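Accompanying notes for the structure given below.
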Amino acid sequence: MSVNPLDLAAAEFDDQRSRLFGIAYRMLGSAAEAEDIVQEAWLRWQTADRGAVRSVPAFLTTITTRLAINSAQSARSRHETYVGPWLPEPVDTSADPALGAERGEALEMAILLLLEKLTPTERAAYVLREAFDYPYAQISDITGTSEANVRQLVSRARKHVADGRRAPVDLSEQRRLLDAFLVAARTGDLVALEDLLAADVVSYSDGGGAVRASKIPVFGRTHVSRFVAAFAEKFWADTEITWVEANGQPSVVVARDGVAFAVVTVTASAEGIDQVLWAMNPAKIAGISST
């Protein structure tokens, strides 16, 4: 019995879907936009001369990466006019901890924030090398730049990431710190909060203008502690907390009357909690809060 060519194309594409989504998500920090990129890649795969394709994974990776680079260029201008701090859209990684990658690199919210400062091509080179372990020569083909330039792009990106974060604690310690933070935050305990936070901690609240949230980052142990304590009574009243794995990290979904309104995570080092990330834009948390 003959195989329908479109069925074969669909099977070949599905084999690569998780990887393609992982590339696009790391490039854009948005699951919704990554899904759009993957869908566009599928449409292009349907109309491609598939018989002339020597490597399906390489072909689809190239399409997806180039689409993501183009999308990232327009996303940058959108983020500049975003209401308040922009945070990546949290994704559930409980089923696929590395989100289709060889390694879980460039998946943590904090790293995705740092990648936002890179050019789209730098971001692509870093993601393909660090998360998916592509050879420099193949990244050169994918991005259309020389291998020497690719090496420079990856090196600059690595330095940017290294300079932007301290060595993180392990996941069990991160969960312990988040749990302790939640206890202190819910009771408005200033002393306990200050004990948990690094001196230069930053709190980012992403409401996107859709819900009430701080429109500027809050910096420093004293200011963050007072900020969190100030809204404790109203924010945490009658809430339910559900632990989830978001972007490979321990996180919590905060809900009231069964409706999720925040996903909270922290980044931490030996200095204490370095960042508190409050994802509150309903459009961004819909996927993870419904899992």
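As shown in the structure tokens, the chain order sets the letters A, B, ...; within each chain, residues go from 1, and ligands are also counted from 1 in the order they appear.
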
With only C-alpha atoms as the counted atoms, please give the residues lying no more than 8 Å from Phe132 (chain A), apart from itself and same-chain residues fewer than 2 positions off, as an MDAnalysis selection string.
chainID A and resid 101:103 127:130 134

Dump all heavy atoms for the selected residues as a PDB file, in the first residue's frame?
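For reference, part.pdb as written:
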```
ATOM      1  N   ALA A 101      15.674  19.994  23.767  1.00  0.00           N
ATOM      2  CA  ALA A 101      17.087  20.292  23.547  1.00  0.00           C
ATOM      3  C   ALA A 101      17.991  19.168  24.027  1.00  0.00           C
ATOM      4  O   ALA A 101      17.558  18.265  24.737  1.00  0.00           O
ATOM      5  CB  ALA A 101      17.457  21.593  24.263  1.00  0.00           C
ATOM      6  N   GLU A 102      19.263  19.254  23.626  1.00  0.00           N
ATOM      7  CA  GLU A 102      20.268  18.337  24.149  1.00  0.00           C
ATOM      8  C   GLU A 102      20.514  18.636  25.635  1.00  0.00           C
ATOM      9  O   GLU A 102      20.748  17.748  26.437  1.00  0.00           O
ATOM     10  CB  GLU A 102      21.590  18.503  23.379  1.00  0.00           C
ATOM     11  CG  GLU A 102      21.493  18.235  21.889  1.00  0.00           C
ATOM     12  CD  GLU A 102      21.177  16.782  21.578  1.00  0.00           C
ATOM     13  OE1 GLU A 102      21.591  15.909  22.359  1.00  0.00           O
ATOM     14  OE2 GLU A 102      20.507  16.524  20.563  1.00  0.00           O
ATOM     15  N   ARG A 103      20.453  19.930  25.949  1.00  0.00           N
ATOM     16  CA  ARG A 103      20.629  20.379  27.329  1.00  0.00           C
ATOM     17  C   ARG A 103      19.560  21.421  27.635  1.00  0.00           C
ATOM     18  O   ARG A 103      18.964  21.989  26.729  1.00  0.00           O
ATOM     19  CB  ARG A 103      22.021  21.007  27.519  1.00  0.00           C
ATOM     20  CG  ARG A 103      23.176  20.058  27.231  1.00  0.00           C
ATOM     21  CD  ARG A 103      24.498  20.699  27.595  1.00  0.00           C
ATOM     22  NE  ARG A 103      24.832  21.802  26.700  1.00  0.00           N
ATOM     23  CZ  ARG A 103      25.546  21.670  25.586  1.00  0.00           C
ATOM     24  NH1 ARG A 103      25.968  20.466  25.218  1.00  0.00           N
ATOM     25  NH2 ARG A 103      25.842  22.686  24.831  1.00  0.00           N
ATOM     26  N   VAL A 127      21.731  29.882  21.321  1.00  0.00           N
ATOM     27  CA  VAL A 127      20.731  28.834  21.566  1.00  0.00           C
ATOM     28  C   VAL A 127      21.105  27.549  20.843  1.00  0.00           C
ATOM     29  O   VAL A 127      21.073  26.453  21.424  1.00  0.00           O
ATOM     30  CB  VAL A 127      19.332  29.317  21.134  1.00  0.00           C
ATOM     31  CG1 VAL A 127      18.355  28.148  21.020  1.00  0.00           C
ATOM     32  CG2 VAL A 127      18.804  30.360  22.114  1.00  0.00           C
ATOM     33  N   LEU A 128      21.458  27.644  19.572  1.00  0.00           N
ATOM     34  CA  LEU A 128      21.786  26.456  18.788  1.00  0.00           C
ATOM     35  C   LEU A 128      23.025  25.746  19.341  1.00  0.00           C
ATOM     36  O   LEU A 128      23.083  24.515  19.358  1.00  0.00           O
ATOM     37  CB  LEU A 128      21.998  26.831  17.325  1.00  0.00           C
ATOM     38  CG  LEU A 128      20.743  27.284  16.570  1.00  0.00           C
ATOM     39  CD1 LEU A 128      21.115  27.817  15.190  1.00  0.00           C
ATOM     40  CD2 LEU A 128      19.735  26.151  16.444  1.00  0.00           C
ATOM     41  N   ARG A 129      23.992  26.527  19.813  1.00  0.00           N
ATOM     42  CA  ARG A 129      25.223  25.929  20.329  1.00  0.00           C
ATOM     43  C   ARG A 129      25.049  25.396  21.757  1.00  0.00           C
ATOM     44  O   ARG A 129      25.393  24.250  22.049  1.00  0.00           O
ATOM     45  CB  ARG A 129      26.349  26.970  20.298  1.00  0.00           C
ATOM     46  CG  ARG A 129      27.699  26.445  20.808  1.00  0.00           C
ATOM     47  CD  ARG A 129      28.233  25.339  19.921  1.00  0.00           C
ATOM     48  NE  ARG A 129      29.461  24.767  20.453  1.00  0.00           N
ATOM     49  CZ  ARG A 129      30.043  23.687  19.966  1.00  0.00           C
ATOM     50  NH1 ARG A 129      29.512  23.063  18.919  1.00  0.00           N
ATOM     51  NH2 ARG A 129      31.141  23.207  20.503  1.00  0.00           N
ATOM     52  N   GLU A 130      24.534  26.228  22.644  1.00  0.00           N
ATOM     53  CA  GLU A 130      24.507  25.882  24.056  1.00  0.00           C
ATOM     54  C   GLU A 130      23.387  24.912  24.427  1.00  0.00           C
ATOM     55  O   GLU A 130      23.577  24.042  25.267  1.00  0.00           O
ATOM     56  CB  GLU A 130      24.384  27.161  24.903  1.00  0.00           C
ATOM     57  CG  GLU A 130      25.565  28.097  24.770  1.00  0.00           C
ATOM     58  CD  GLU A 130      26.869  27.445  25.204  1.00  0.00           C
ATOM     59  OE1 GLU A 130      27.057  27.242  26.413  1.00  0.00           O
ATOM     60  OE2 GLU A 130      27.689  27.122  24.317  1.00  0.00           O
ATOM     61  N   TYR A 134      24.692  22.229  18.356  1.00  0.00           N
ATOM     62  CA  TYR A 134      24.985  22.208  16.924  1.00  0.00           C
ATOM     63  C   TYR A 134      26.438  22.588  16.690  1.00  0.00           C
ATOM     64  O   TYR A 134      26.978  23.470  17.370  1.00  0.00           O
ATOM     65  CB  TYR A 134      24.084  23.207  16.178  1.00  0.00           C
ATOM     66  CG  TYR A 134      22.708  22.685  15.874  1.00  0.00           C
ATOM     67  CD1 TYR A 134      21.645  22.909  16.732  1.00  0.00           C
ATOM     68  CD2 TYR A 134      22.466  21.953  14.712  1.00  0.00           C
ATOM     69  CE1 TYR A 134      20.378  22.428  16.455  1.00  0.00           C
ATOM     70  CE2 TYR A 134      21.200  21.462  14.415  1.00  0.00           C
ATOM     71  CZ  TYR A 134      20.164  21.704  15.296  1.00  0.00           C
ATOM     72  OH  TYR A 134      18.912  21.222  15.019  1.00  0.00           O
TER      73      TYR A 134
END
```

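As for CA of Ala184 (chain A) and CA of Pro168 (chain A), they are spaced 21.6 Å apart.
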
May I have the residues within 10 Å of Thr242 (chain A) as JSON, numbers by chain, using only C-alpha atoms and disregarding those fewer than 3 positions away in the same chain?
{"A": [239, 251, 252, 253, 254, 255, 260, 263, 289]}

Apply DSSP to the backbone of this structure and, from region 27-260 of chain A, keep only the residues in helix (DSSP H, G or I); write these as a PyMOL selection string.
chain A and resi 27-28+31-47+50-52+56-80+109-115+120-131+136-143+147-163+171-187+190-196+221-230+232-236

For the contact check between region 96-122 of chain A and region 272-287 of chain A, emit one row per residue of region 96-122 of chain A within 12 Å, containing the shortest atom pair and the distance in Å rounded to one decimal, counting only C-alpha atoms, chain then rising number order, as CSV.
```
residue,atom,partner,partner_atom,distance
A:Glu108,CA,A:Leu277,CA,11.4
A:Met109,CA,A:Leu277,CA,8.4
A:Ala110,CA,A:Gln275,CA,8.1
A:Ile111,CA,A:Gln275,CA,11.7
A:Leu113,CA,A:Leu277,CA,10.7
```

Go ahead and save the picked residues with all heavy atoms, as a compact mmCIF listing (two decimals), in the first residue's frame.
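As a result, again-v4.txt now contains:
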```txt
# COMPACT_ATOMS: atom_id res chain seq x y z
N GLU A 108 15.93 28.89 31.55
CA GLU A 108 15.51 29.58 32.76
C GLU A 108 15.03 30.99 32.41
O GLU A 108 15.54 31.63 31.50
CB GLU A 108 16.67 29.70 33.75
CG GLU A 108 17.20 28.39 34.27
CD GLU A 108 18.45 28.60 35.12
OE1 GLU A 108 18.56 29.68 35.76
OE2 GLU A 108 19.31 27.70 35.14
N MET A 109 14.05 31.47 33.17
CA MET A 109 13.51 32.81 32.93
C MET A 109 14.62 33.85 32.99
O MET A 109 14.65 34.78 32.17
CB MET A 109 12.45 33.12 33.98
CG MET A 109 11.25 32.20 33.98
SD MET A 109 9.98 32.70 32.82
CE MET A 109 9.15 33.96 33.77
N ALA A 110 15.54 33.71 33.95
CA ALA A 110 16.60 34.71 34.12
C ALA A 110 17.50 34.76 32.90
O ALA A 110 17.94 35.84 32.47
CB ALA A 110 17.41 34.40 35.37
N ILE A 111 17.81 33.59 32.31
CA ILE A 111 18.68 33.57 31.13
C ILE A 111 17.93 34.13 29.92
O ILE A 111 18.49 34.87 29.11
CB ILE A 111 19.20 32.15 30.85
CG1 ILE A 111 20.13 31.71 31.99
CG2 ILE A 111 19.94 32.10 29.52
CD1 ILE A 111 20.75 30.35 31.80
N LEU A 113 15.75 36.39 29.96
CA LEU A 113 15.79 37.84 30.13
C LEU A 113 17.10 38.41 29.63
O LEU A 113 17.14 39.46 28.97
CB LEU A 113 15.59 38.20 31.60
CG LEU A 113 14.18 38.53 32.09
CD1 LEU A 113 14.21 38.82 33.58
CD2 LEU A 113 13.58 39.69 31.33
```

Non-local contacts of Phe235 (chain A) (10 Å; only C-alpha atoms; under 3 positions in same chain excluded) as a compact mmCIF listing (two decimals) with C-alpha atoms, in the first residue's frame:
```txt
# COMPACT_ATOMS: atom_id res chain seq x y z
CA ALA A 185 5.70 37.23 51.80
CA ARG A 186 2.28 35.97 52.84
CA VAL A 228 6.44 42.70 49.08
CA ALA A 229 5.29 43.37 52.65
CA ALA A 230 3.18 46.36 51.60
CA PHE A 231 0.81 44.33 49.42
CA ALA A 232 0.92 41.12 51.47
CA ASP A 238 -7.69 33.59 50.25
CA THR A 239 -5.15 32.29 47.74
CA VAL A 254 -1.11 31.60 42.73
CA ARG A 256 -7.99 32.74 44.03
```

Mind checking which residues fall within 12 Å of region 142-158 of chain A, counting only C-alpha atoms, ignoring those fewer than 6 positions away in the same chain, and posting them as a VMD selection string?
chain A and resid 57 to 70 105 to 106 111 to 112 114 to 131 133 to 136 164 to 165

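If only C-alpha atoms are the atoms counted, then among A:Glu40, A:Asp257, A:Glu245, A:Asp195 the closest residue to Thr93 (chain A) is A:Glu245.
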
Could you pull the residues within 8 Å of Ser214 (chain A), counting only C-alpha atoms, minus those fewer than 5 positions along the same chain, as JSON, numbers by chain?
{"A": [84, 204, 205, 206, 207]}

From a DSSP calculation on the backbone, collect every residue of region 50-287 of chain A in strand (DSSP E or B) and output the set as a PyMOL selection string.
chain A and resi 92+168+197-206+218-219+239-246+249-256+259-269+272-279

Would you mind reading off the distance between CA of Ala32 (chain A) and CA of Val91 (chain A), one decimal, in Å?
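Between CA of Ala32 (chain A) and CA of Val91 (chain A) the gap is 10.3 Å.
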